[in-house]
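The data block below is structure28.cif; it holds mmCIF, C-alpha atoms.
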```cif
data_structure
#
loop_
_atom_site.label_atom_id
_atom_site.label_comp_id
_atom_site.auth_asym_id
_atom_site.auth_seq_id
_atom_site.Cartn_x
_atom_site.Cartn_y
_atom_site.Cartn_z
CA MET A 1 59.14 171.44 158.62
CA ILE A 2 61.83 173.93 157.66
CA TRP A 3 60.74 176.24 160.46
CA LEU A 4 60.92 173.33 162.88
CA ILE A 5 64.47 172.68 161.73
CA ILE A 6 65.40 176.35 162.01
CA VAL A 7 63.97 176.75 165.49
CA GLY A 8 65.43 173.41 166.59
CA MET A 9 68.89 174.32 165.36
CA ALA A 10 68.69 177.82 166.82
CA SER A 11 67.77 176.39 170.21
CA LEU A 12 70.70 173.99 170.23
CA VAL A 13 73.13 176.66 169.10
CA PHE A 14 71.86 179.22 171.60
CA VAL A 15 71.92 176.79 174.50
CA SER A 16 75.51 175.81 173.76
CA ARG A 17 76.50 179.45 173.53
CA TYR A 18 74.59 180.62 176.60
CA ALA A 19 74.66 177.67 179.01
CA PHE A 20 77.84 178.44 180.89
CA LEU A 21 77.17 182.17 180.90
CA GLU A 22 74.19 181.62 183.21
CA PRO A 23 75.22 182.55 186.75
CA LYS A 24 72.53 180.36 188.33
CA LEU A 25 74.25 177.31 186.90
CA PRO A 26 75.88 175.77 189.95
CA LEU A 27 79.28 175.65 188.38
CA LYS A 28 82.23 176.91 190.32
CA LEU A 29 85.35 177.17 188.26
CA SER A 30 88.28 175.94 190.33
CA HIS A 31 91.69 177.50 189.93
CA ASN A 32 92.84 174.53 187.87
CA THR A 33 89.83 174.87 185.59
CA GLN A 34 90.52 178.57 185.11
CA ARG A 35 94.10 177.74 184.16
CA PHE A 36 92.81 175.10 181.75
CA LEU A 37 90.36 177.55 180.18
CA SER A 38 93.02 180.20 179.75
CA TYR A 39 94.45 178.04 176.98
CA ALA A 40 91.12 178.02 175.13
CA ALA A 41 91.78 180.98 172.84
CA PRO A 42 95.17 179.91 171.45
CA ALA A 43 94.09 176.27 171.16
CA VAL A 44 90.72 176.89 169.50
CA LEU A 45 91.93 179.53 167.07
CA THR A 46 94.83 177.31 166.03
CA ALA A 47 92.49 174.36 165.51
CA ILE A 48 90.41 176.54 163.20
CA PHE A 49 93.10 178.10 161.07
CA ALA A 50 95.61 175.21 160.82
CA PRO A 51 93.54 173.02 158.47
CA ILE A 52 92.80 176.01 156.24
CA VAL A 53 96.52 176.57 155.74
CA LEU A 54 97.93 173.05 155.83
CA VAL A 55 95.22 170.94 154.22
CA ARG A 56 94.55 171.79 150.60
CA GLU A 57 92.44 169.58 148.34
CA ASN A 58 91.98 167.04 151.13
CA SER A 59 95.67 166.33 151.52
CA LEU A 60 98.56 167.68 153.53
CA ALA A 61 100.26 170.52 151.70
CA ILE A 62 103.56 171.39 153.32
CA THR A 63 105.26 172.56 150.15
CA PHE A 64 106.30 175.90 148.79
CA ASP A 65 103.61 175.97 146.13
CA ASN A 66 101.01 176.18 148.85
CA ASN A 67 100.23 179.90 148.80
CA TYR A 68 98.31 179.60 152.03
CA LEU A 69 101.41 178.27 153.78
CA ILE A 70 103.64 181.04 152.49
CA GLY A 71 101.06 183.64 153.40
CA ALA A 72 100.75 182.10 156.84
CA ILE A 73 104.51 182.16 157.40
CA ILE A 74 104.56 185.82 156.39
CA ALA A 75 101.69 186.48 158.80
CA CYS A 76 103.60 184.74 161.60
CA LEU A 77 106.70 186.85 160.98
CA LEU A 78 104.69 190.06 160.80
CA ALA A 79 102.77 189.20 163.95
CA TYR A 80 105.95 188.35 165.79
CA PHE A 81 107.77 191.54 164.86
CA THR A 82 104.96 194.08 164.80
CA ARG A 83 102.55 192.69 167.39
CA ASN A 84 99.94 194.68 165.51
CA THR A 85 96.85 192.62 164.67
CA LEU A 86 95.32 194.78 161.97
CA LEU A 87 98.64 195.46 160.22
CA THR A 88 99.60 191.79 160.20
CA ALA A 89 96.23 190.69 158.88
CA LEU A 90 95.99 193.32 156.16
CA VAL A 91 99.58 193.08 154.89
CA SER A 92 99.63 189.28 154.75
CA MET A 93 96.23 189.31 153.02
CA GLY A 94 97.54 191.88 150.56
CA VAL A 95 100.57 189.75 149.79
CA PHE A 96 98.40 186.66 149.45
CA PHE A 97 95.92 188.16 147.04
CA PHE A 98 98.14 190.34 144.92
CA ILE A 99 101.51 188.64 144.88
CA LEU A 100 100.94 184.97 145.55
CA MET C 1 73.86 185.66 196.87
CA THR C 2 75.52 188.91 196.05
CA VAL C 3 75.94 189.88 192.45
CA SER C 4 79.34 191.27 191.69
CA THR C 5 79.12 194.51 189.77
CA ASN C 6 81.56 195.23 187.03
CA THR C 7 82.94 198.48 188.33
CA ALA C 8 86.13 198.49 186.30
CA PRO C 9 86.44 201.87 184.64
CA LEU C 10 85.85 201.92 180.90
CA GLN C 11 89.14 202.01 179.05
CA PHE C 12 87.46 203.74 176.16
CA SER C 13 86.28 207.34 176.32
CA SER C 14 82.68 206.33 175.70
CA LYS C 15 80.66 203.25 175.02
CA TYR C 16 80.39 204.29 171.39
CA THR C 17 84.17 204.35 171.08
CA ALA C 18 84.29 200.90 172.61
CA MET C 19 81.64 199.59 170.23
CA TRP C 20 83.42 201.10 167.27
CA ARG C 21 86.76 199.62 168.34
CA GLY C 22 85.12 196.22 168.68
CA ALA C 23 83.61 196.47 165.22
CA LEU C 24 86.99 197.54 163.87
CA ALA C 25 88.80 194.68 165.56
CA ILE C 26 86.46 192.10 164.06
CA SER C 27 86.35 193.75 160.63
CA PRO C 28 88.82 191.45 158.83
CA LEU C 29 86.65 188.55 159.96
CA SER C 30 83.43 190.34 159.04
CA ILE C 31 84.83 190.72 155.54
CA ALA C 32 86.25 187.19 155.37
CA VAL C 33 82.84 185.75 156.21
CA ILE C 34 81.04 187.52 153.36
CA PRO C 35 81.50 184.75 150.75
CA TRP C 36 80.28 182.18 153.25
CA GLY C 37 77.23 184.29 154.01
CA ILE C 38 76.50 184.61 150.31
CA LEU C 39 76.91 180.87 150.00
CA ALA C 40 74.54 180.29 152.92
CA GLY C 41 71.92 182.40 151.18
CA SER C 42 72.29 181.06 147.68
CA PHE C 43 72.61 177.43 148.79
CA ALA C 44 69.45 177.74 150.86
CA ILE C 45 67.54 178.97 147.83
CA GLU C 46 69.05 176.20 145.72
CA VAL C 47 67.97 173.58 148.27
CA GLY C 48 64.41 174.90 148.04
CA LEU C 49 63.95 177.26 150.97
CA SER C 50 61.96 180.40 150.42
CA PRO C 51 63.80 183.74 150.64
CA LEU C 52 62.26 184.33 154.06
CA GLU C 53 63.30 180.90 155.35
CA SER C 54 66.81 181.36 153.93
CA GLN C 55 67.26 184.71 155.65
CA ALA C 56 65.69 183.39 158.84
CA MET C 57 68.34 180.69 159.03
CA SER C 58 71.08 183.28 159.15
CA ALA C 59 69.14 185.64 161.38
CA ILE C 60 67.91 183.11 163.93
CA VAL C 61 70.45 180.30 163.89
CA PHE C 62 73.47 182.51 163.09
CA ALA C 63 75.95 179.65 162.80
CA GLY C 64 77.72 179.35 159.45
CA ALA C 65 79.11 175.83 159.64
CA ALA C 66 75.90 174.39 161.08
CA GLN C 67 73.77 176.16 158.49
CA LEU C 68 75.77 174.92 155.52
CA VAL C 69 75.93 171.36 156.78
CA ALA C 70 72.21 171.36 157.58
CA LEU C 71 71.36 172.65 154.13
CA GLY C 72 73.43 169.86 152.61
CA MET C 73 71.51 167.37 154.70
CA ILE C 74 68.16 168.84 153.72
CA LYS C 75 69.20 168.55 150.12
CA THR C 76 70.02 164.85 150.46
CA GLY C 77 66.75 164.26 152.30
CA ILE C 78 68.12 163.52 155.77
CA GLY C 79 65.48 163.95 158.45
CA ILE C 80 65.26 166.49 161.24
CA VAL C 81 66.69 164.16 163.87
CA GLY C 82 69.88 163.63 161.88
CA ILE C 83 70.16 167.35 161.23
CA LEU C 84 69.73 168.27 164.89
CA LEU C 85 72.22 165.64 166.07
CA THR C 86 74.82 166.90 163.62
CA THR C 87 74.08 170.47 164.67
CA LEU C 88 74.69 169.50 168.27
CA LEU C 89 78.04 168.02 167.32
CA ILE C 90 79.08 171.08 165.33
CA THR C 91 77.92 173.53 167.98
CA SER C 92 79.57 171.68 170.88
CA ARG C 93 82.63 173.92 170.76
CA HIS C 94 80.48 176.86 171.83
CA PHE C 95 80.23 175.29 175.29
CA LEU C 96 83.96 175.84 175.55
CA TYR C 97 83.62 179.50 174.55
CA SER C 98 80.92 180.23 177.09
CA MET C 99 82.86 178.43 179.79
CA ALA C 100 85.95 180.43 178.98
CA LEU C 101 84.00 183.71 179.07
CA ARG C 102 81.88 182.81 182.09
CA ARG C 103 84.00 184.85 184.45
CA ASP C 104 83.52 187.99 182.37
CA ILE C 105 79.95 187.66 181.14
CA SER C 106 77.94 185.89 183.86
CA PRO C 107 78.11 188.91 186.22
CA LEU C 108 76.47 191.12 183.60
CA PRO C 109 72.73 191.91 183.60
CA THR C 110 70.49 189.29 181.97
CA ARG C 111 69.86 191.18 178.75
CA TRP C 112 73.63 191.52 178.22
CA ARG C 113 74.21 187.82 178.86
CA LEU C 114 71.46 186.78 176.48
CA LEU C 115 72.56 189.15 173.75
CA LEU C 116 76.27 188.40 173.96
CA GLY C 117 75.44 184.70 174.26
CA PHE C 118 73.39 184.86 171.09
CA LEU C 119 76.20 186.65 169.26
CA LEU C 120 78.92 184.29 170.50
CA THR C 121 80.40 182.92 167.28
CA ASP C 122 83.94 181.58 166.72
CA GLU C 123 84.88 185.02 165.46
CA LEU C 124 83.48 186.96 168.42
CA PHE C 125 85.21 184.55 170.77
CA ALA C 126 88.45 185.10 168.86
CA ILE C 127 88.26 188.87 169.23
CA VAL C 128 87.05 188.99 172.83
CA ALA C 129 89.17 186.17 174.27
CA THR C 130 92.37 187.51 172.77
CA ASP C 131 91.56 191.10 173.66
CA ASN C 132 91.03 190.01 177.26
CA SER C 133 94.50 188.69 177.68
CA GLN C 134 96.02 191.83 176.27
CA ARG C 135 94.07 194.31 178.33
CA HIS C 136 93.11 192.10 181.28
CA LYS C 137 89.69 193.77 181.32
CA PHE C 138 86.49 192.74 179.60
CA ASP C 139 84.52 195.54 177.97
CA ARG C 140 80.89 194.68 177.22
CA TRP C 141 80.48 197.47 174.66
CA TYR C 142 83.58 196.32 172.80
CA ALA C 143 82.12 192.81 172.64
CA LEU C 144 78.73 194.16 171.59
CA GLY C 145 80.18 196.27 168.82
CA ALA C 146 82.14 193.33 167.50
CA GLY C 147 79.22 190.91 167.80
CA LEU C 148 76.62 193.15 166.20
CA SER C 149 78.81 194.20 163.29
CA PHE C 150 79.61 190.57 162.57
CA TYR C 151 75.91 189.65 162.76
CA LEU C 152 75.15 192.43 160.33
CA SER C 153 77.85 191.30 157.94
CA TRP C 154 76.65 187.69 158.00
CA ASN C 155 73.03 188.63 157.37
CA LEU C 156 73.74 191.18 154.67
CA ALA C 157 75.92 188.62 152.91
CA THR C 158 73.12 186.06 153.20
CA LEU C 159 70.68 188.56 151.73
CA LEU C 160 73.06 189.07 148.84
CA GLY C 161 73.22 185.33 148.31
CA VAL C 162 69.46 185.01 148.45
CA LEU C 163 69.00 187.74 145.86
CA ALA C 164 71.92 186.99 143.57
CA GLY C 165 71.46 183.25 143.75
CA LYS C 166 73.50 181.24 141.30
CA ASN C 167 75.07 184.25 139.66
CA ILE C 168 78.23 184.18 141.76
CA PRO C 169 80.38 181.26 140.68
CA ASN C 170 82.43 179.28 143.18
CA ILE C 171 82.87 182.13 145.55
CA GLU C 172 84.34 179.87 148.18
CA GLN C 173 87.30 179.21 145.96
CA TRP C 174 88.39 182.81 145.86
CA GLY C 175 90.76 182.19 148.76
CA LEU C 176 88.96 184.49 151.16
CA ASP C 177 89.32 181.84 153.85
CA PHE C 178 92.94 182.93 153.99
CA ALA C 179 91.65 186.11 155.61
CA ILE C 180 90.46 183.99 158.52
CA ALA C 181 93.83 182.24 158.78
CA ALA C 182 95.74 185.54 158.59
CA THR C 183 93.59 187.24 161.21
CA PHE C 184 93.74 184.30 163.57
CA ILE C 185 97.52 184.05 163.22
CA ALA C 186 97.72 187.79 163.95
CA LEU C 187 95.68 187.18 167.10
CA ILE C 188 97.45 184.01 168.24
CA VAL C 189 101.15 184.91 167.91
CA PRO C 190 101.09 187.70 170.54
CA LEU C 191 99.40 185.24 172.92
CA ILE C 192 102.35 182.86 172.86
CA LYS C 193 104.18 184.24 175.85
CA ASN C 194 105.63 181.03 177.23
CA LYS C 195 106.38 177.40 176.40
CA SER C 196 103.11 176.06 177.77
CA ILE C 197 101.08 178.18 175.39
CA LEU C 198 103.39 177.27 172.51
CA ILE C 199 102.86 173.60 173.29
CA SER C 200 99.08 174.00 173.37
CA VAL C 201 99.23 175.69 169.96
CA LEU C 202 101.46 173.03 168.40
CA VAL C 203 99.43 170.13 169.78
CA SER C 204 96.21 171.76 168.59
CA LEU C 205 97.75 172.34 165.18
CA VAL C 206 98.89 168.76 164.62
CA SER C 207 95.64 167.37 165.99
CA SER C 208 93.30 169.57 163.96
CA VAL C 209 95.14 168.86 160.72
CA SER C 210 95.12 165.14 161.50
CA CYS C 211 91.41 165.17 162.29
CA VAL C 212 90.57 166.85 159.01
CA LEU C 213 92.73 164.38 157.06
CA LEU C 214 91.12 161.49 158.91
CA ASN C 215 87.63 162.94 158.49
CA ILE C 216 86.97 163.05 162.22
CA GLU C 217 83.90 165.20 162.72
CA ALA C 218 84.42 166.85 166.09
CA GLY C 219 88.07 167.53 165.25
CA LEU C 220 87.92 171.15 166.29
CA LEU C 221 86.71 170.45 169.79
CA ILE C 222 88.98 167.42 170.23
CA SER C 223 92.04 169.35 169.07
CA ALA C 224 91.26 172.38 171.20
CA LEU C 225 90.76 170.25 174.31
CA LEU C 226 93.94 168.28 173.58
CA GLY C 227 95.91 171.47 173.13
CA MET C 228 94.47 172.98 176.31
CA THR C 229 95.23 169.81 178.25
CA CYS C 230 98.84 169.64 177.08
CA GLY C 231 99.36 173.31 177.81
CA THR C 232 97.93 172.97 181.31
CA LEU C 233 99.95 169.81 182.02
CA HIS C 234 103.15 171.50 180.97
CA GLU C 235 102.33 174.48 183.13
CA LYS C 236 101.73 172.21 186.10
CA LEU C 237 104.91 170.25 185.50
CA LYS C 238 107.09 173.30 185.18
CA GLY C 239 105.33 175.42 187.79
CA GLU C 240 104.99 178.13 185.18
CA ARG C 241 102.71 181.15 185.31
CA ALA C 242 101.23 182.34 182.01
#
```
Would you write out, as structure tokens, the structure that this file holds?
Amino acid sequence: MIWLIIVGMASLVFVSRYAFLEPKLPLKLSHNTQRFLSYAAPAVLTAIFAPIVLVRENSLAITFDNNYLIGAIIACLLAYFTRNTLLTALVSMGVFFFIL
Amino acid sequence: MTVSTNTAPLQFSSKYTAMWRGALAISPLSIAVIPWGILAGSFAIEVGLSPLESQAMSAIVFAGAAQLVALGMIKTGIGIVGILLTTLLITSRHFLYSMALRRDISPLPTRWRLLLGFLLTDELFAIVATDNSQRHKFDRWYALGAGLSFYLSWNLATLLGVLAGKNIPNIEQWGLDFAIAATFIALIVPLIKNKSILISVLVSLVSSVSCVLLNIEAGLLISALLGMTCGTLHEKLKGERA
């Protein structure tokens, strides 16, 4: 049964990841669709990280004792001024773990 | 039907450099995912899977959120149909990733498409989709290096969880998920080059937080689509070019 679950899940996951990569799929992406998709990265990544930072213990945490929020603000500032991905990530993580 | 060949010159000196740079780019995420991998392994054992089955889940399914939710469902005795339906819901966002990367990946040879498709996690999408907009050129070796290193990290962490079992207390409370937030912020901020993109980010932010607070399952996909829609609408209204 477990193997059935594993294979079943793997199939669903793989199909969702591969489906639109298949060139034989008769899908032509119009200009409008391409424009729409160009917003995918910023929108998706924001949707993933925002709850991590703003929702702590199942409630909204927009206060200064939310370390995640402070760390995130620092990360934003670093990213804005340095434009360096690795530096921003490492420094804000360092601040988060050792200072906050 | 002619197949377009990707004849853009490699920006890296060799494919190995490209692979290495990809692995390096995804490294904060590869590290951030370690506690979750350990959890996936140890939770699987706790739920009653054998070591082989536990490792197989990470090796064959390779989807953290889906794995953990499925294990929880197995534990509470929910049947395979419920598990697969929930998996479908959780994995639905991957359709968006493959659609967004279709232009870059579908021209590649089949083995590349299948491999990159298999490795297409949130994290790989994050690295590849944001790298694209900076360099305006997709590099398959960069993507492969990132994807493989992340796969390795996830599976090694799972192995650790399988072996160490219950010996690592509450690892998910160590705050390592901040690493994901920090890395994503580092990736997103340089992308915000105009108002339309800023709007898509803000809408997505408010929506995703709301969905989590309201316990709406497909919140990620809903929020992403909402953000993308608002960004596109604004672009259309203002005649802006990204």
For C:Phe62, please output as a PyMOL selection string all residues within 8 Å (counting only C-alpha atoms; exclusion window: fewer than 4 positions along the same chain). (chain A and resi 10) or (chain C and resi 57-58+67+119+151+154)
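Running the PyMOL selection byres ((chain A and resi 67) around 10) on this file leaves Val53, Ala61, Thr63, Phe64, Asp65, Asn66, Tyr68, Leu69, Ile70, Gly71, Ala72, Ile73, Val95, Phe96, Phe97, Ile99 and Leu100 of chain A; Gly175 and Phe178 of chain C selected.
Residue selection for this entry, given the PyMOL selection byres ((chain A and resi 39) around 10), comprises Gln34, Arg35, Phe36, Leu37, Ser38, Ala40, Ala41, Pro42, Ala43 and Val44 of chain A; Ala100, Leu191, Ser196, Ile197, Ser200, Val201, Ala224, Leu225, Gly227, Met228, Thr229, Cys230, Gly231, Thr232 and Ala242 of chain C.
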Selection under test: the PyMOL selection byres ((chain A and resi 55) around 12); residues as a list in words: Ile48, Phe49, Ala50, Pro51, Ile52, Val53, Leu54, Arg56, Glu57, Asn58, Ser59, Leu60, Ala61, Ile62, Thr63, Asn66, Asn67, Tyr68 and Leu69 of chain A; Leu205, Val206, Ser208, Val209, Ser210, Cys211, Val212, Leu213, Leu214 and Asn215 of chain C
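Atom CA of A:Ser92 sits 9.1 Å away from atom CA of A:Cys76.
Distances from A:Leu86, A:Ile2, A:Leu21, A:Ala79 to C:Ile192 were compared using all atoms listed in the file, and the smallest one belongs to A:Ala79.
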At a cut-off of 12 Å around the point (80.1, 172.5, 173.3) (file coordinates), what residues fall inside when counting all atoms listed in the file? I'd like the answer as JSON, numbers by chain. {"A": [12, 13, 14, 15, 16, 17, 18, 19, 20], "C": [87, 88, 89, 90, 91, 92, 93, 94, 95, 96, 97, 98, 99, 100, 122, 218, 220, 221, 222, 224, 225]}
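Minimum distance to chain A across C:Arg102, C:Arg21, C:Arg140, C:Lys193 (counting all atoms listed in the file) occurs at C:Arg102.
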Nearby residues (all atoms listed in the file) at most 7 Å from stretch 24-38 of chain C, same-chain spacing under 2 positions excluded, as a PDB file with C-alpha atoms, keeping the file's coordinate frame:
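Resulting contents of selection.pdb:
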```pdb
ATOM      1  CA  TRP C  20      83.420 201.100 167.270  1.00  0.00           C
ATOM      2  CA  ARG C  21      86.760 199.620 168.340  1.00  0.00           C
ATOM      3  CA  GLY C  22      85.120 196.220 168.680  1.00  0.00           C
ATOM      4  CA  ALA C  40      74.540 180.290 152.920  1.00  0.00           C
ATOM      5  CA  GLY C  41      71.920 182.400 151.180  1.00  0.00           C
ATOM      6  CA  SER C  42      72.290 181.060 147.680  1.00  0.00           C
ATOM      7  CA  GLU C 123      84.880 185.020 165.460  1.00  0.00           C
ATOM      8  CA  ILE C 127      88.260 188.870 169.230  1.00  0.00           C
ATOM      9  CA  ALA C 146      82.140 193.330 167.500  1.00  0.00           C
ATOM     10  CA  PHE C 150      79.610 190.570 162.570  1.00  0.00           C
ATOM     11  CA  SER C 153      77.850 191.300 157.940  1.00  0.00           C
ATOM     12  CA  TRP C 154      76.650 187.690 158.000  1.00  0.00           C
ATOM     13  CA  ASN C 155      73.030 188.630 157.370  1.00  0.00           C
ATOM     14  CA  ALA C 157      75.920 188.620 152.910  1.00  0.00           C
ATOM     15  CA  THR C 158      73.120 186.060 153.200  1.00  0.00           C
ATOM     16  CA  LEU C 160      73.060 189.070 148.840  1.00  0.00           C
ATOM     17  CA  GLY C 161      73.220 185.330 148.310  1.00  0.00           C
ATOM     18  CA  ILE C 171      82.870 182.130 145.550  1.00  0.00           C
ATOM     19  CA  GLU C 172      84.340 179.870 148.180  1.00  0.00           C
ATOM     20  CA  LEU C 176      88.960 184.490 151.160  1.00  0.00           C
ATOM     21  CA  ASP C 177      89.320 181.840 153.850  1.00  0.00           C
ATOM     22  CA  ALA C 179      91.650 186.110 155.610  1.00  0.00           C
ATOM     23  CA  ILE C 180      90.460 183.990 158.520  1.00  0.00           C
ATOM     24  CA  THR C 183      93.590 187.240 161.210  1.00  0.00           C
TER      25      THR C 183
END
```
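Distance annotation: of C:Ser149, C:Thr110, C:Ser207, C:Thr86, the residue with the minimal separation from C:Leu68 is C:Thr86; atom set is all atoms listed in the file.
The gap separating atom CA of C:Leu159 from atom CA of C:Ser50 is 12.0 Å, in Å to one decimal.
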Any idea what's packed within 10 Å of C:Lys15, counting all atoms listed in the file, ignoring anything in its chain fewer than 4 positions away? Could you give it as a ChimeraX atom specification? /C:10-11,19-21,139-142,144-145
Grab stretch 23-61 of chain C from that structure and dump C-alpha atoms to a file, as a compact mmCIF listing (two decimals), in the first residue's frame.
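Output below, filename decode33.txt:
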```txt
# COMPACT_ATOMS: atom_id res chain seq x y z
CA ALA C 23 24.79 24.63 -6.93
CA LEU C 24 26.29 27.67 -5.24
CA ALA C 25 23.28 29.83 -6.01
CA ILE C 26 20.89 27.33 -4.48
CA SER C 27 23.12 26.55 -1.49
CA PRO C 28 21.34 28.71 1.11
CA LEU C 29 18.16 26.86 0.20
CA SER C 30 19.90 23.48 0.19
CA ILE C 31 21.00 24.21 3.74
CA ALA C 32 17.65 25.66 4.83
CA VAL C 33 15.89 22.50 3.70
CA ILE C 34 18.04 20.17 5.80
CA PRO C 35 15.83 20.22 8.93
CA TRP C 36 12.78 19.54 6.80
CA GLY C 37 14.53 16.63 5.13
CA ILE C 38 15.48 15.23 8.51
CA LEU C 39 11.89 15.67 9.60
CA ALA C 40 10.64 13.88 6.49
CA GLY C 41 12.88 10.94 7.30
CA SER C 42 12.23 10.70 11.01
CA PHE C 43 8.49 11.31 10.69
CA ALA C 44 8.22 8.57 8.08
CA ILE C 45 9.87 6.11 10.44
CA GLU C 46 7.63 7.27 13.27
CA VAL C 47 4.53 6.74 11.12
CA GLY C 48 5.66 3.17 10.47
CA LEU C 49 7.40 3.19 7.11
CA SER C 50 10.47 1.06 6.69
CA PRO C 51 13.81 2.82 6.16
CA LEU C 52 13.67 1.92 2.47
CA GLU C 53 10.13 3.26 2.07
CA SER C 54 11.05 6.43 3.96
CA GLN C 55 14.05 7.11 1.73
CA ALA C 56 12.07 6.18 -1.36
CA MET C 57 9.54 8.88 -0.58
CA SER C 58 12.22 11.54 -0.70
CA ALA C 59 14.01 9.98 -3.65
CA ILE C 60 10.99 9.29 -5.84
CA VAL C 61 8.39 11.86 -4.83
```
